[in-house]
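Source file: entry_24.txt (compact mmCIF, C-alpha atoms)
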# COMPACT_ATOMS: atom_id res chain seq x y z
CA MET N 7 0.00 0.00 0.00
CA TRP N 8 1.41 3.39 -0.96
CA ILE N 9 0.38 6.68 0.54
CA VAL N 10 0.72 9.91 -1.34
CA CYS N 11 1.34 12.90 0.93
CA ILE N 12 0.68 16.37 -0.29
CA LEU N 13 2.46 19.05 1.68
CA PHE N 14 0.34 22.18 1.39
CA SER N 15 3.04 24.59 2.55
CA THR N 16 5.03 23.77 -0.58
CA THR N 17 4.18 22.23 -3.89
CA THR N 18 6.24 19.11 -3.15
CA PHE N 19 4.66 15.68 -3.42
CA ALA N 20 6.08 12.70 -1.56
CA ILE N 21 5.32 9.04 -2.06
CA VAL N 22 5.71 7.08 1.16
CA ASN N 23 5.79 3.33 1.72
CA PRO N 24 4.56 2.89 5.31
CA PHE N 25 6.06 -0.61 5.47
CA GLN N 26 9.56 0.54 4.59
CA GLN N 27 11.93 0.66 7.54
CA SER N 28 14.91 2.91 7.88
CA LYS N 29 18.23 1.20 7.11
CA GLU N 30 19.29 1.49 10.76
CA LYS N 31 16.05 -0.08 12.06
CA LYS N 32 16.19 -2.83 9.41
CA HIS N 33 19.82 -3.65 10.36
CA THR N 34 18.89 -3.85 14.06
CA ASP N 35 15.89 -6.07 13.31
CA MET N 36 17.97 -8.35 11.08
CA ARG N 37 20.66 -8.68 13.76
CA GLY N 38 18.00 -9.38 16.39
CA ASN N 39 16.30 -11.96 14.16
CA TYR N 40 19.61 -13.67 13.46
CA GLU N 41 20.37 -13.82 17.19
CA VAL N 42 16.91 -15.24 17.92
CA ILE N 43 17.35 -17.97 15.29
CA GLN N 44 20.86 -18.76 16.53
CA ILE N 45 19.64 -19.03 20.13
CA ILE N 46 16.58 -21.11 19.19
CA ARG N 47 18.90 -23.63 17.51
CA PHE N 48 21.10 -23.74 20.62
CA ILE N 49 18.06 -24.19 22.88
CA LYS N 50 16.73 -27.05 20.74
CA ARG N 51 20.15 -28.76 20.70
CA THR N 52 20.32 -28.43 24.49
CA ASN N 53 16.73 -29.53 25.18
CA TRP N 54 15.34 -31.26 22.10
CA ARG N 55 12.08 -32.10 23.92
CA LEU N 56 11.19 -28.43 24.30
CA HIS N 57 8.49 -27.28 21.88
CA LYS N 58 9.78 -24.85 19.28
CA SER N 59 7.26 -22.17 20.33
CA GLU N 60 8.61 -22.24 23.90
CA ALA N 61 12.20 -22.15 22.60
CA LYS N 62 11.25 -19.12 20.50
CA LYS N 63 9.72 -17.34 23.53
CA ILE N 64 12.89 -17.94 25.52
CA ALA N 65 15.15 -16.81 22.67
CA MET N 66 13.12 -13.68 22.01
CA ALA N 67 13.17 -12.76 25.71
CA LEU N 68 16.94 -13.36 25.85
CA VAL N 69 17.55 -11.04 22.90
CA LYS N 70 15.10 -8.41 24.15
CA TYR N 71 16.43 -8.21 27.70
CA GLY N 72 20.02 -8.80 26.65
CA HIS N 73 19.94 -5.73 24.42
CA GLU N 74 18.01 -3.74 27.02
CA ALA N 75 20.57 -4.53 29.75
CA ASP N 76 23.61 -4.52 27.44
CA VAL N 77 24.36 -8.19 28.17
CA ASP N 78 25.25 -10.59 25.35
CA PRO N 79 22.09 -12.73 24.93
CA ARG N 80 24.32 -15.69 24.00
CA LEU N 81 26.09 -15.51 27.37
CA ALA N 82 22.74 -15.46 29.17
CA ALA N 83 21.58 -18.40 27.00
CA ALA N 84 24.70 -20.40 27.90
CA LEU N 85 24.08 -19.63 31.57
CA ILE N 86 20.47 -20.81 31.37
CA ALA N 87 21.55 -23.95 29.51
CA ARG N 88 23.84 -24.81 32.43
CA GLU N 89 21.34 -23.83 35.11
CA SER N 90 18.17 -25.54 33.85
CA SER N 91 18.70 -26.97 30.36
CA PHE N 92 15.92 -24.56 29.37
CA ASN N 93 13.38 -26.29 31.62
CA ARG N 94 11.26 -23.39 32.87
CA MET N 95 9.76 -25.58 35.61
CA ALA N 96 13.14 -26.62 37.05
CA VAL N 97 13.61 -26.46 40.83
CA SER N 98 17.00 -27.16 42.40
CA SER N 99 17.63 -28.98 45.67
CA THR N 100 18.35 -25.54 47.20
CA GLY N 101 15.02 -24.14 46.02
CA ALA N 102 16.26 -22.08 43.06
CA LYS N 103 13.52 -21.88 40.44
CA GLY N 104 12.94 -21.50 36.73
CA LEU N 105 15.18 -21.05 33.74
CA GLY N 106 17.92 -19.08 35.49
CA GLN N 107 17.53 -20.96 38.79
CA ILE N 108 16.87 -17.80 40.77
CA LYS N 109 16.47 -18.06 44.53
CA GLU N 110 13.41 -16.67 46.28
CA PHE N 111 15.33 -14.00 48.21
CA ASN N 112 16.15 -12.38 44.83
CA PHE N 113 12.59 -12.37 43.47
CA LYS N 114 11.59 -8.98 44.86
CA SER N 115 14.70 -7.10 43.71
CA LEU N 116 14.41 -8.70 40.25
CA ASN N 117 10.66 -8.00 40.03
CA ILE N 118 9.70 -11.67 39.76
CA SER N 119 6.26 -12.70 40.96
CA ASP N 120 6.14 -15.99 39.01
CA PRO N 121 9.55 -17.68 38.64
CA TYR N 122 8.13 -20.11 36.07
CA ASN N 123 7.04 -17.31 33.76
CA ILE N 124 9.50 -17.26 30.85
CA ASP N 125 9.54 -13.50 30.44
CA GLN N 126 9.97 -12.72 34.15
CA ASN N 127 12.63 -15.36 34.73
CA VAL N 128 14.69 -14.47 31.66
CA ARG N 129 14.49 -10.78 32.56
CA GLY N 130 15.56 -11.57 36.12
CA THR N 131 18.39 -13.81 34.93
CA VAL N 132 19.72 -11.22 32.49
CA TYR N 133 19.55 -8.37 35.00
CA TYR N 134 21.12 -10.45 37.77
CA LEU N 135 23.91 -11.43 35.37
CA LYS N 136 24.31 -7.73 34.52
CA GLU N 137 24.72 -6.99 38.25
CA MET N 138 27.43 -9.63 38.49
CA LEU N 139 29.19 -8.30 35.37
CA ASN N 140 29.10 -4.77 36.80
CA GLY N 141 30.62 -6.07 40.02
CA TRP N 142 33.74 -7.18 38.12
CA GLU N 143 33.83 -4.41 35.54
CA SER N 144 37.51 -3.53 35.93
CA HIS N 145 38.83 -7.11 35.88
CA ASP N 146 40.34 -8.97 32.94
CA ASP N 147 38.31 -12.09 33.76
CA GLN N 148 35.05 -10.17 34.05
CA LYS N 149 32.84 -12.84 32.45
CA ALA N 150 34.36 -15.72 34.41
CA LEU N 151 34.16 -13.84 37.72
CA ALA N 152 30.59 -12.72 37.00
CA LEU N 153 29.54 -16.30 36.23
CA GLY N 154 31.32 -17.55 39.34
CA SER N 155 29.48 -14.85 41.31
CA TYR N 156 26.15 -15.92 39.79
CA PHE N 157 26.91 -19.42 41.06
CA ARG N 158 28.49 -18.72 44.47
CA GLY N 159 27.50 -15.13 45.20
CA ILE N 160 29.59 -12.06 44.55
CA ASN N 161 30.62 -11.61 48.19
CA HIS N 162 31.91 -15.18 48.38
CA ILE N 163 34.06 -14.69 45.27
CA ARG N 164 35.34 -11.36 46.60
CA ARG N 165 36.29 -12.98 49.92
CA GLN N 166 38.27 -15.51 47.86
CA ASN N 167 40.05 -12.65 46.04
CA GLY N 168 38.50 -13.68 42.73
CA GLN N 169 39.68 -17.28 43.03
CA LEU N 170 37.13 -19.90 42.02
CA ASP N 171 36.99 -23.24 43.79
CA PRO N 172 37.21 -26.31 41.49
CA HIS N 173 33.43 -26.82 41.39
CA ALA N 174 32.76 -23.17 40.52
CA GLN N 175 35.57 -23.26 37.95
CA ARG N 176 33.98 -26.27 36.18
CA TYR N 177 30.63 -24.44 36.22
CA VAL N 178 32.19 -21.33 34.64
CA ASP N 179 34.25 -23.34 32.12
CA LYS N 180 31.16 -25.20 30.89
CA ILE N 181 29.20 -21.97 30.38
CA LEU N 182 32.08 -20.21 28.63
CA TYR N 183 32.62 -23.23 26.37
CA GLN N 184 28.94 -23.19 25.35
CA TYR N 185 29.08 -19.43 24.84
CA ARG N 186 32.22 -19.47 22.71
CA TYR N 187 31.78 -22.62 20.66
CA ARG N 188 28.16 -23.86 20.66
CA ILE N 189 25.95 -20.82 20.10

Take the structure I supplied and represent it as structure tokens, if you would.
Amino acid sequence: MWIVCILFSTTTFAIVNPFQQSKEKKHTDMRGNYEVIQIIRFIKRTNWRLHKSEAKKIAMALVKYGHEADVDPRLAAALIARESSFNRMAVSSTGAKGLGQIKEFNFKSLNISDPYNIDQNVRGTVYYLKEMLNGWESHDDQKALALGSYFRGINHIRRQNGQLDPHAQRYVDKILYQYRYRI
């Protein structure tokens, strides 16, 4: 559908395609779509039983909140893969819930009322990861320390002078491997 605009203040006529996006917007949308597709594939490889529509919801939320918080959606996806294998109903032995395995004492600060809600849990996971990344902003191993802090708590890692115990190190290594080579 084409719309012809007549500007009465001048004698100029303009033909406008309302469906045409600016080049900048189109580039952003294409990048976002590519990321969503890439993450959907990763989710389905990680949890092949998950219905594609649920994988798409998770991927779209990861890209949306990742861009909003300035966190690489692929890093958040790798974290969720390690935490819950993309099972939104997952509950750990310590009571952590949902995709990002968030503990109840964090629900209020992360604005989570339903930890099994994909959108809320992904948003909470991304923003909690952002907090951890900010906590190690000036360090060379920022991602590794942030992931270790997600797992053990930032104060624990600080008390250890940024040294990860073997269990935390395996946790971080697995996530970083997924992030670098699988997504």

Open item on the list: One number please: atom CA of Ile189 of chain N to atom CA of Phe48 of chain N, in Å, one decimal.
Closed with: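 Straight-line distance from atom CA of Ile189 of chain N to atom CA of Phe48 of chain N works out to 5.7 Å.
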
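The coordinates place atom CA of Leu135 of chain N at 6.7 Å from atom CA of Tyr156 of chain N.
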
- [ ] Take the point (21.2, -29.6, 29.4) as written in the file and pick out every residue within 7 Å of it, counting all atoms listed in the file; give the list as number ranges by chain.
- [x] N: 52-53, 87-88, 90-91

Please produce a file of the residues just selected, as a PDB file, in the coordinates of the input, where the atoms kept are C-alpha atoms.
ATOM      1  CA  THR N  52      20.320 -28.430  24.490  1.00  0.00           C
ATOM      2  CA  ASN N  53      16.730 -29.530  25.180  1.00  0.00           C
ATOM      3  CA  ALA N  87      21.550 -23.950  29.510  1.00  0.00           C
ATOM      4  CA  ARG N  88      23.840 -24.810  32.430  1.00  0.00           C
ATOM      5  CA  SER N  90      18.170 -25.540  33.850  1.00  0.00           C
ATOM      6  CA  SER N  91      18.700 -26.970  30.360  1.00  0.00           C
TER       7      SER N  91
END

Task: Pairwise distance for atom CA of Ser59 of chain N and atom CA of Lys103 of chain N, rounded to one decimal in Å - done: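 Answer for the atom CA of Ser59 of chain N to atom CA of Lys103 of chain N separation: 21.1 Å.
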
- [ ] Please provide as a PyMOL selection string all residues within 9 Å of Leu139 of chain N, with the sequence filter that same-chain residues fewer than 5 positions apart are discarded (counting all atoms listed in the file).
- [x] chain N and resi 77+134+148-149+151-153+155
